[in-house]
Amino acid sequence: GNNITAISLGARLSEIKTQFSEAYAAWRVYRNTVKELESLSARELADIRISPSMIRSIALEAAYGPQD
């Protein structure tokens, strides 16, 4: 009874912690990518064929994979 409930609760809390850690890591990749790209000049962005309007979608893909 109680022992099984405690184990499953502990396992669930561990799973939540893992999911949070993964989500936080992905958010940091997104945030850092946006920050780095926004720090480039218009000329530097043009040199790598990125328009300022593409920055957020590029960062999303860097953090979370292709957005279909």
# chains A, B, ... in the order shown; residues from 1 in each chain; ligands from 1
>>> residues_around(residues="Gln67 in chain A", least_positions_apart="4", cutoff="9 Å", atoms="only C-alpha atoms", output="PyMOL selection string")
chain A and resi 57+60-61
>>> closest_residue(among="A:Leu40, A:Val29, A:Leu45, A:Ile50", to="Ala62 in chain A", atoms="only C-alpha atoms")
A:Val29
>>> closest_residue(among="A:Ala46, A:Ala59, A:Thr5, A:Gly65", to="Tyr30 in chain A", atoms="only C-alpha atoms")
A:Ala59
>>> select_by_dssp(residues="range 2-68 of chain A", states="helix (DSSP H, G or I)", output="PyMOL selection string")
chain A and resi 2-38+42-47+52-64
>>> closest_residue(among="A:Asp68, A:Leu37, A:Asn32, A:Gln19", to="Met54 in chain A", atoms="only C-alpha atoms")
A:Leu37
>>> atom_distance(atom1="CA of Ser53 in chain A", atom2="CA of Trp27 in chain A")
19.3 Å
>>> atom_distance(atom1="CA of Phe20 in chain A", atom2="CA of Ala63 in chain A")
14.4 Å
>>> atom_distance(atom1="CA of Glu44 in chain A", atom2="CA of Arg31 in chain A")
19.4 Å
>>> decode(residues="range 4-42 of chain A", atoms="N, CA and C atoms", output="PDB file, in the first residue's frame")
ATOM      1  N   ILE A   4       4.364   1.238  -1.931  1.00  0.00           N
ATOM      2  CA  ILE A   4       4.236   1.335  -3.384  1.00  0.00           C
ATOM      3  C   ILE A   4       3.888   2.776  -3.784  1.00  0.00           C
ATOM      4  N   THR A   5       3.001   3.403  -3.028  1.00  0.00           N
ATOM      5  CA  THR A   5       2.625   4.789  -3.311  1.00  0.00           C
ATOM      6  C   THR A   5       3.828   5.710  -3.165  1.00  0.00           C
ATOM      7  N   ALA A   6       4.630   5.506  -2.142  1.00  0.00           N
ATOM      8  CA  ALA A   6       5.815   6.337  -1.915  1.00  0.00           C
ATOM      9  C   ALA A   6       6.817   6.156  -3.043  1.00  0.00           C
ATOM     10  N   ILE A   7       7.001   4.926  -3.501  1.00  0.00           N
ATOM     11  CA  ILE A   7       7.935   4.662  -4.597  1.00  0.00           C
ATOM     12  C   ILE A   7       7.434   5.319  -5.878  1.00  0.00           C
ATOM     13  N   SER A   8       6.142   5.177  -6.175  1.00  0.00           N
ATOM     14  CA  SER A   8       5.634   5.754  -7.409  1.00  0.00           C
ATOM     15  C   SER A   8       5.648   7.280  -7.341  1.00  0.00           C
ATOM     16  N   LEU A   9       5.403   7.849  -6.164  1.00  0.00           N
ATOM     17  CA  LEU A   9       5.473   9.303  -6.013  1.00  0.00           C
ATOM     18  C   LEU A   9       6.909   9.775  -6.192  1.00  0.00           C
ATOM     19  N   GLY A  10       7.843   9.055  -5.597  1.00  0.00           N
ATOM     20  CA  GLY A  10       9.261   9.399  -5.749  1.00  0.00           C
ATOM     21  C   GLY A  10       9.702   9.311  -7.200  1.00  0.00           C
ATOM     22  N   ALA A  11       9.257   8.259  -7.892  1.00  0.00           N
ATOM     23  CA  ALA A  11       9.604   8.097  -9.305  1.00  0.00           C
ATOM     24  C   ALA A  11       9.001   9.233 -10.127  1.00  0.00           C
ATOM     25  N   ARG A  12       7.773   9.605  -9.814  1.00  0.00           N
ATOM     26  CA  ARG A  12       7.106  10.685 -10.549  1.00  0.00           C
ATOM     27  C   ARG A  12       7.811  12.026 -10.302  1.00  0.00           C
ATOM     28  N   LEU A  13       8.190  12.283  -9.053  1.00  0.00           N
ATOM     29  CA  LEU A  13       8.907  13.523  -8.754  1.00  0.00           C
ATOM     30  C   LEU A  13      10.251  13.567  -9.467  1.00  0.00           C
ATOM     31  N   SER A  14      10.916  12.436  -9.544  1.00  0.00           N
ATOM     32  CA  SER A  14      12.188  12.350 -10.257  1.00  0.00           C
ATOM     33  C   SER A  14      11.978  12.631 -11.746  1.00  0.00           C
ATOM     34  N   GLU A  15      10.907  12.088 -12.303  1.00  0.00           N
ATOM     35  CA  GLU A  15      10.572  12.310 -13.710  1.00  0.00           C
ATOM     36  C   GLU A  15      10.275  13.791 -13.970  1.00  0.00           C
ATOM     37  N   ILE A  16       9.535  14.416 -13.069  1.00  0.00           N
ATOM     38  CA  ILE A  16       9.210  15.844 -13.193  1.00  0.00           C
ATOM     39  C   ILE A  16      10.495  16.671 -13.147  1.00  0.00           C
ATOM     40  N   LYS A  17      11.388  16.324 -12.237  1.00  0.00           N
ATOM     41  CA  LYS A  17      12.662  17.043 -12.121  1.00  0.00           C
ATOM     42  C   LYS A  17      13.464  16.922 -13.416  1.00  0.00           C
ATOM     43  N   THR A  18      13.497  15.720 -13.990  1.00  0.00           N
ATOM     44  CA  THR A  18      14.209  15.500 -15.251  1.00  0.00           C
ATOM     45  C   THR A  18      13.582  16.318 -16.369  1.00  0.00           C
ATOM     46  N   GLN A  19      12.248  16.300 -16.459  1.00  0.00           N
ATOM     47  CA  GLN A  19      11.561  17.069 -17.503  1.00  0.00           C
ATOM     48  C   GLN A  19      11.828  18.563 -17.337  1.00  0.00           C
ATOM     49  N   PHE A  20      11.814  19.045 -16.111  1.00  0.00           N
ATOM     50  CA  PHE A  20      12.091  20.457 -15.854  1.00  0.00           C
ATOM     51  C   PHE A  20      13.513  20.800 -16.275  1.00  0.00           C
ATOM     52  N   SER A  21      14.462  19.941 -15.926  1.00  0.00           N
ATOM     53  CA  SER A  21      15.866  20.186 -16.283  1.00  0.00           C
ATOM     54  C   SER A  21      16.045  20.251 -17.794  1.00  0.00           C
ATOM     55  N   GLU A  22      15.380  19.337 -18.509  1.00  0.00           N
ATOM     56  CA  GLU A  22      15.472  19.327 -19.969  1.00  0.00           C
ATOM     57  C   GLU A  22      14.825  20.576 -20.557  1.00  0.00           C
ATOM     58  N   ALA A  23      13.676  20.962 -20.029  1.00  0.00           N
ATOM     59  CA  ALA A  23      12.987  22.159 -20.523  1.00  0.00           C
ATOM     60  C   ALA A  23      13.818  23.404 -20.255  1.00  0.00           C
ATOM     61  N   TYR A  24      14.430  23.481 -19.086  1.00  0.00           N
ATOM     62  CA  TYR A  24      15.261  24.630 -18.737  1.00  0.00           C
ATOM     63  C   TYR A  24      16.488  24.700 -19.647  1.00  0.00           C
ATOM     64  N   ALA A  25      17.093  23.555 -19.912  1.00  0.00           N
ATOM     65  CA  ALA A  25      18.264  23.519 -20.795  1.00  0.00           C
ATOM     66  C   ALA A  25      17.886  23.985 -22.200  1.00  0.00           C
ATOM     67  N   ALA A  26      16.746  23.536 -22.705  1.00  0.00           N
ATOM     68  CA  ALA A  26      16.293  23.953 -24.042  1.00  0.00           C
ATOM     69  C   ALA A  26      16.002  25.450 -24.062  1.00  0.00           C
ATOM     70  N   TRP A  27      15.375  25.964 -23.012  1.00  0.00           N
ATOM     71  CA  TRP A  27      15.084  27.395 -22.929  1.00  0.00           C
ATOM     72  C   TRP A  27      16.375  28.212 -22.940  1.00  0.00           C
ATOM     73  N   ARG A  28      17.394  27.718 -22.237  1.00  0.00           N
ATOM     74  CA  ARG A  28      18.684  28.423 -22.213  1.00  0.00           C
ATOM     75  C   ARG A  28      19.329  28.440 -23.591  1.00  0.00           C
ATOM     76  N   VAL A  29      19.232  27.324 -24.334  1.00  0.00           N
ATOM     77  CA  VAL A  29      19.758  27.301 -25.707  1.00  0.00           C
ATOM     78  C   VAL A  29      19.018  28.344 -26.546  1.00  0.00           C
ATOM     79  N   TYR A  30      17.684  28.388 -26.418  1.00  0.00           N
ATOM     80  CA  TYR A  30      16.882  29.371 -27.154  1.00  0.00           C
ATOM     81  C   TYR A  30      17.329  30.793 -26.806  1.00  0.00           C
ATOM     82  N   ARG A  31      17.363  31.083 -25.514  1.00  0.00           N
ATOM     83  CA  ARG A  31      17.714  32.430 -25.043  1.00  0.00           C
ATOM     84  C   ARG A  31      19.114  32.839 -25.504  1.00  0.00           C
ATOM     85  N   ASN A  32      20.078  31.933 -25.367  1.00  0.00           N
ATOM     86  CA  ASN A  32      21.453  32.253 -25.761  1.00  0.00           C
ATOM     87  C   ASN A  32      21.588  32.435 -27.266  1.00  0.00           C
ATOM     88  N   THR A  33      20.864  31.633 -28.038  1.00  0.00           N
ATOM     89  CA  THR A  33      20.908  31.761 -29.491  1.00  0.00           C
ATOM     90  C   THR A  33      20.341  33.105 -29.925  1.00  0.00           C
ATOM     91  N   VAL A  34      19.188  33.487 -29.357  1.00  0.00           N
ATOM     92  CA  VAL A  34      18.597  34.791 -29.676  1.00  0.00           C
ATOM     93  C   VAL A  34      19.581  35.898 -29.316  1.00  0.00           C
ATOM     94  N   LYS A  35      20.146  35.827 -28.130  1.00  0.00           N
ATOM     95  CA  LYS A  35      21.065  36.859 -27.649  1.00  0.00           C
ATOM     96  C   LYS A  35      22.284  36.996 -28.574  1.00  0.00           C
ATOM     97  N   GLU A  36      22.856  35.856 -28.957  1.00  0.00           N
ATOM     98  CA  GLU A  36      24.032  35.892 -29.828  1.00  0.00           C
ATOM     99  C   GLU A  36      23.691  36.453 -31.198  1.00  0.00           C
ATOM    100  N   LEU A  37      22.585  36.001 -31.787  1.00  0.00           N
ATOM    101  CA  LEU A  37      22.219  36.489 -33.119  1.00  0.00           C
ATOM    102  C   LEU A  37      21.839  37.969 -33.083  1.00  0.00           C
ATOM    103  N   GLU A  38      21.145  38.390 -32.026  1.00  0.00           N
ATOM    104  CA  GLU A  38      20.759  39.795 -31.926  1.00  0.00           C
ATOM    105  C   GLU A  38      21.962  40.702 -31.697  1.00  0.00           C
ATOM    106  N   SER A  39      23.070  40.148 -31.246  1.00  0.00           N
ATOM    107  CA  SER A  39      24.270  40.960 -31.023  1.00  0.00           C
ATOM    108  C   SER A  39      25.022  41.233 -32.324  1.00  0.00           C
ATOM    109  N   LEU A  40      24.672  40.512 -33.390  1.00  0.00           N
ATOM    110  CA  LEU A  40      25.343  40.711 -34.671  1.00  0.00           C
ATOM    111  C   LEU A  40      24.778  41.934 -35.385  1.00  0.00           C
ATOM    112  N   SER A  41      25.630  42.560 -36.174  1.00  0.00           N
ATOM    113  CA  SER A  41      25.181  43.698 -36.971  1.00  0.00           C
ATOM    114  C   SER A  41      24.346  43.195 -38.154  1.00  0.00           C
ATOM    115  N   ALA A  42      23.623  44.104 -38.783  1.00  0.00           N
ATOM    116  CA  ALA A  42      22.836  43.757 -39.977  1.00  0.00           C
ATOM    117  C   ALA A  42      23.750  43.171 -41.048  1.00  0.00           C
TER     118      ALA A  42
END
